[in-house]
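Undergrad: One structure, as structure tokens, below. Some questions next.
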Amino acid sequence: MKSRLGVFVVLAAMAAPLQGQTVPDDPPARHIAMGYRRTPMFGVDPFRHVMIPRWGFVVTGGATGGNNALNLRDIGALSYLDSEDEVRVGDVIDALSLVPRGQGVVGTGQVEAGTYMGLSLGSRLTLGFSASGRGYGSFELDDDGVALLRDGNGARQDFTLGQSHVSAVSTGELGAHSVIRLGSPNAMQLALGFGLRYVRPAILFQARSLIENGGMIRATGDSISANLAVEVLSTLPSSGTDFFSDLTDRIRGNMGGSGSVLGDLLVRAQWSGFAIEGMLINIGSGVNFTQVSRRSDSLDIATTNLDDLRESFDSLDFDVRDSVEMSVMLPRVARASASVWAGSMLQLDFAATGSLGGDIELPFVFDVGSTLRLIRWIPLRAGVILGGSQGTGYSGGFAIESRNFLFRVSGQSLGGLFQEATGLGGRFDFGFFF
Amino acid sequence: MGKHRIPYAFTIGALIAFNACQPLSPTAARDQLGRNAEGTISFTLPVADTSFLVSELLGADLDTITTPSGLLGIVQSDTVRSAIGEELEFNGVGFDQFSFSYIQMLETQEASTSVNFPAPPPGVPSNTIAQAPGAPNDTIQFTTPGGSQVLNATVASGWIVRTMVNNTICSGTLSVSLLDDVGAVVVALPDVALTPGEVLTDSTDASGATVSGFVAINSSATFGACVPGVNDSVATNIIFRPMQLASVTLQNVTENFSETYDVLATETRLNSIDTVDVSSGSVSVTVSNRLPLQMSFDIVLNGFLDPFGNPLRDSLTIAAAVGDGSYVSGTLSFDLTDVTMIPALATAIASGTVTAAQAVLTPTVVTDAVLAGGAGDIIVRRLSGDLDPGSTPELALAVEEFEELSADDIDFGDLEDAIQSSTLNDGTIALTISNSADIPVELSNFTVGVVELDAQGQIPRDGGGNPIYAADCSGLPTVLVAAPGLTTLPISRGGTTSVSLGASSVVDCLVHNLIDDDRVALLAVGTATAGDGSQATITRQDEVVVAIDVVVGLDLTIPSTGVTFTRNQTADGLDLSDTDAADLTSRLVSASLVAVAENSTPFMVDIEIAIVPDSVGDNVDIFTRPDAVLLDMVSLSNAPVDGNGRPTNSVTDNVSFAIEGQDVRVVLGRIYTAGIRMRLSPRSDGGTRGAIRPQDGIGIDASVEIEVRRGSS
């Protein structure tokens with residue numbers, strides 16, 4: 001009975017857009033609502049749903065991430081060898097040969113999941129409340145370090161960890177956002193959005209060199225010397241524990257700590273067939289993590305004996321030194337976009353997204369997208385992603401965007417198509433509006 | 001499980017995604033990873049930074065140092081302990097001769113008597129009066145000063161004092177006779193004429209008089225015509241002054257004596273000693289008696305204190321001698337164990353008593369009638385005082401200690417043949433001598449030498465008992481232990497003295513005997529003299545410990561055919577698994593072992609290397625193993641040397657060994673072992689003698705250069 005009732009509700013909701021599109025609130029020339037005109041963003045976008053001027057409830061989630069070296073087939077090959085055969089030293093050499101010289105291995109990722117509830121107060125003001133979890137991550141293996149195994153030490157003897165690092169942070173958030181629409185639909189519409197998010201820390205993991213410029217590794221035919229020091233700051237449980245249980249406890253512990261309030265701003269101006277938009281999110285101070293386990297260890301060796309080197313590496317334990325409290329600045333994401341469209345069928349979108357500081361680097365990405373609405377409430381989207389660490393990527397998706405129903409699925413293939421991709425992205429939104 | 005549902009879902013999703021991208025075979029997977037592989041990659045890794053120091057060719061357990069002359073020195077350390085305290089003893093400690101003459105028994109005490117006889121009673125007028133027979137006090141009995149009764153005697157000297165008083169009214173002639181118990185005149189006294197009231201005193205020499213039993217006095221007076229009155233009388237007084245007897249027969253004899261004398265007066269060895277704590281020993285005191293009387297003898301040794309602080313004492317009884325002047329003796333034995341002697345207080349109190357019912361005594365038997373003397377041996381536990389070996393020769397202690405060495409003590413390792421065939425020109429014996437006693441010690445006539453022990457491990461000796469030193473040495477087998485510039489070696493009380501002796505011939509002798517597997521020992525012989533006249537103490541526990549460091553300086557001559565050493569040395573490879581090693585080998589473009597070889601020995605060196613996987617024992621001949629990878633031989637020039645054959649610099653050569661094909665797998669494993677065969681041969685100028693410094697050796701700084709192809713095919 002419950003499943004039948006669910007089917008009925010969905011069908012009823014899908015029937016509503018038909019009615020909505022058939023009898024739109026807006027004039028015919030502007031049947032596409034501003035919220036649906038906005039190009040969907042794979043990354044974090046707190047104004048994603050509040051731009052839709054309806055009462056409503058949305059479940060949403062998405063993630064995107066990629067690297068600049070290994071594509072899915074490479075990763076699959078390594079996975080296959082690891083599980084079905086063995087990863088040999090030659091395989092490692094070959095895999096490292098895929099790392100672009102001068103770039104090292106870099107990667108970024110974002111993930112978001114949550115729920116949204118919107119309140120529309122007249123046609124000018126929409127309030128949205130959200131509860132979500134968000135995460136940002138980036139890593140880099142500096143080319144000065146990768147080069148040791150990729151290129152050997154025949155021609156070059158000095159190496160370093162350089163700027164190698166790993167950073168990942170996740171938060172739990174409660175948001176309250178509003179959009180005020182000014183102007184007339186027949187002329188210029190101006191949407192001003194702002195909001196606050198109450199951010200609680202959840203997971204933190206950072207690893208970095210404690211020595212400026214990444215220390216030193218020198219491998220010559222006479223000797224091997226290294227001076228490295230690495231610090232790992234983490235709220236993740238130690239290996240060997242009941243990981244998920246312990247992780248849950250730690251997240252609960254961090255969530256119980258003090259939270260931060262971050263602000264988001266949006267300005268969008270829309271004329272007939274043209275829109276520009278600017279958005280800045282994560283404005284504010286850092287997110288305070290407590291009970292961050294600090295592990296560190298160092299390697300300072302000069303030896304002519306490989307066994308000494310092995311023993312030195314084996315002696316690294318990265319035991320927890322102490323527990324600290326630290327503040328992490330979430331990436332301050334700035335996005336500038338512009339859209340043009342002709343009628344309701346075709347729309348082109350351009351967006352430049354980057355970060356203006358923060359402890360997690362996000363690459364500058366330029367998206368070019370198009371939306372084709374052969375059926376007005378079923379947009380088909382395709383685009384090209386330029387920039388980032390992975391190279392040219394592609395995106396695509398479709399949606400059902402009606403007055404009372406939203407279902408949106410999209411995906412990214414970064415750095416290539418399908419198995420050649422060095423990154424992936426995906427997103428879905430599912431909601432009802434009234 | 002429920003709370004893990006989401007992570008599992010993600011995991012499953014990820015697996016599905018990856019599986020979709022996974023190849024169908026390992027080859028396809030590797031082709032995928034090698035899709036972009038172009039060119040080669042080369043690694044240069046250190047595999048050996050090895051210094052084959054000459055010192056490492058020696059046995060692993062050897063201690064090495066740098067000799068004063070800068071050479072590599074092998075040190076063999078041994079310790080010899082000389083318990084000088086246990087050597088300290090006094091033999092023939094003599095007690096002064098005690099003698100006592102019993103003159104007292106040839107003496108008489110003064111004896112006297114007075115006789116007063118009255119005139120005849122009225123009615124019996126007479127001009128003669130005489131002492132009535134049996135009158136009181138008419139005899140004299142002699143005794144000695146000791147109370148013995150004189151039975152008869154011959155007077156050697158003495159006087160008789162007579163006093164006569166005429167208490168009559170008449171002048172008359174008075175006469176007195178002295179008769180013994182057999183009526184013999186003892187001494188004839190002349191008659192004397194006395195007037196009324198006159199008193200006469202005269203003396204008569206009794207020398208030569210003989211007395212038997214007693215002396216009876218018979219007095220009388222004759223007045224001529226005059227008749228004394230009724231109350232008149234005559235008085236006679238006879239005094240025998242103390243007489244010296246030429247001979248005497250005594251009865252009921254009990255004669256005592258007691259004398260104190262310095263029992264150690266002539267024992268000058270103990271003059272400077274305050275206290276002697278005796279560990280063990282004894283003294284016998286012989287007592288002699290020539291009197292024909294039984295004697296009980298008692299002696300108290302003051303200054304000889306038992307553990308309770310009481311002086312030693314003992315007594316004995318000696319039978320009577322026959323009386324002809326010969327002695328009868330008895331012996332007292334004093335156990336001196338745990339006795340404390342205080343020489344300054346050492347006196348003896350000798351006392352005794354002779355007894356007999358009757359005895360005949362003459363000067364022959366009473367002179368030196370009692371003799372006592374003794375001697376003994378003392379083993380010392382502790383000696384203190386102003387100890388002076390000049391007055392106490394016992395403080396000069398003979399020392400002879402030896403320490404056997406064996407070839408196992410000095411393992412010359414791979415250098416044994418070279419050393420055996422050479423003469424060692426640099427050897428020292430460093431002695432560190434510790435004196436635990438609170439007394440300075442001086443070693444004199446002290447030598448350290450090499451002896452070949454006999455089959456029983458004992459030192460061979462000549463007819464005089466002197467050690468026979470090793471005879472097959474190229475030089476002197478002994479070296480004198482003395483401070484620089486001296487012939488002796490002083491060691492302060494409780495102190496340590498070190499001395500280094502140039503002893504090349506001794507060391508050379510020792511080493512060659514050891515290599516020849518002879519039973520050989522280092523023998524220390526000499527005198528350790530304790531004390532310098534100042535206050536000091538030496539105990540039985542005190543010892544002189546001699547730490548001997550035999551330092552063999554490697555100044556040697558090698559045979560003209562050279563000396564070959566073979567060593568196996570384990571080194572770390574790249575620690576790749578078999579499959580990784582096979583993988584890398586399949587990608588191999590080239591491999592070589594590159595080394596910078598440095599020779600700092602004074603000899604030329606030929607090096608051959610063979611390597612095998614894993615670790616193999618030192619005794620394995622890697623060169624004969626079928627799986628050995630043989631590398632080309634490399635010859636290194638000798639280091640330049642100075643006039644003494646010491647390297648002044650080192651020579652360096654760059655060498656490269658190509659490793660072909662599968663041979664490279666040897667160094668790709670976790671461990672490999674290199675067999676290294678080195679031959680030291682004469683220098684380029686033909687010189688065979690060379691001196692080795694600690695830093696001299698053959699250094700090989702090796703790295704492996706591997707160039708591999710990217711991509712699996």
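Residue numbering restarts at 1 in every chain; chains get A, B, ... in the order shown in the structure tokens, and ligands count up from 1 in that same order.
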Would you mind listing what lies within 6 Å of A:Arg427 as a PyMOL selection string, with only C-alpha atoms counted and same-chain residues fewer than 4 positions away left out?
TA: chain A and resi 61-62+409-410
Undergrad: For chain A, report every residue with an atom at most 8 Å from chain B (counting only C-alpha atoms), formatted as a PyMOL selection string.
TA: chain A and resi 72-81+84-85+88-91+93-95+97-98+150-155+219-224+244+304-307+419
Undergrad: Could you write out, as a ChimeraX atom specification, all the residues of stretch 131-218 of chain A that DSSP marks as strand (DSSP E or B)?
TA: /A:131-141,152,158-159,165-183,189-209,216-218
Undergrad: Distance atom CA of B:Glu394-atom CA of B:Gly464, one decimal place?
TA: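 Interatomic distance, atom CA of B:Glu394 to atom CA of B:Gly464: 21.8 Å.
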Undergrad: Apply DSSP to the structure's backbone, then extract all residues of stretch 256-408 of chain A labelled alpha helix (DSSP H) and return them as a list in words.
TA: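 Listing alpha helix (DSSP H) positions across stretch 256-408 of chain A yields Leu306, Asp307, Asp308, Leu309, Arg310, Glu311, Ser312, Phe313, Asp314 and Ser315 of chain A.
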Undergrad: Need to verify the contact set: A:Met345, 9 Å, only C-alpha atoms, exclusion of same-chain residues closer than 4 positions in sequence. Can you return it as a PyMOL selection string?
TA: chain A and resi 341+371-376+379
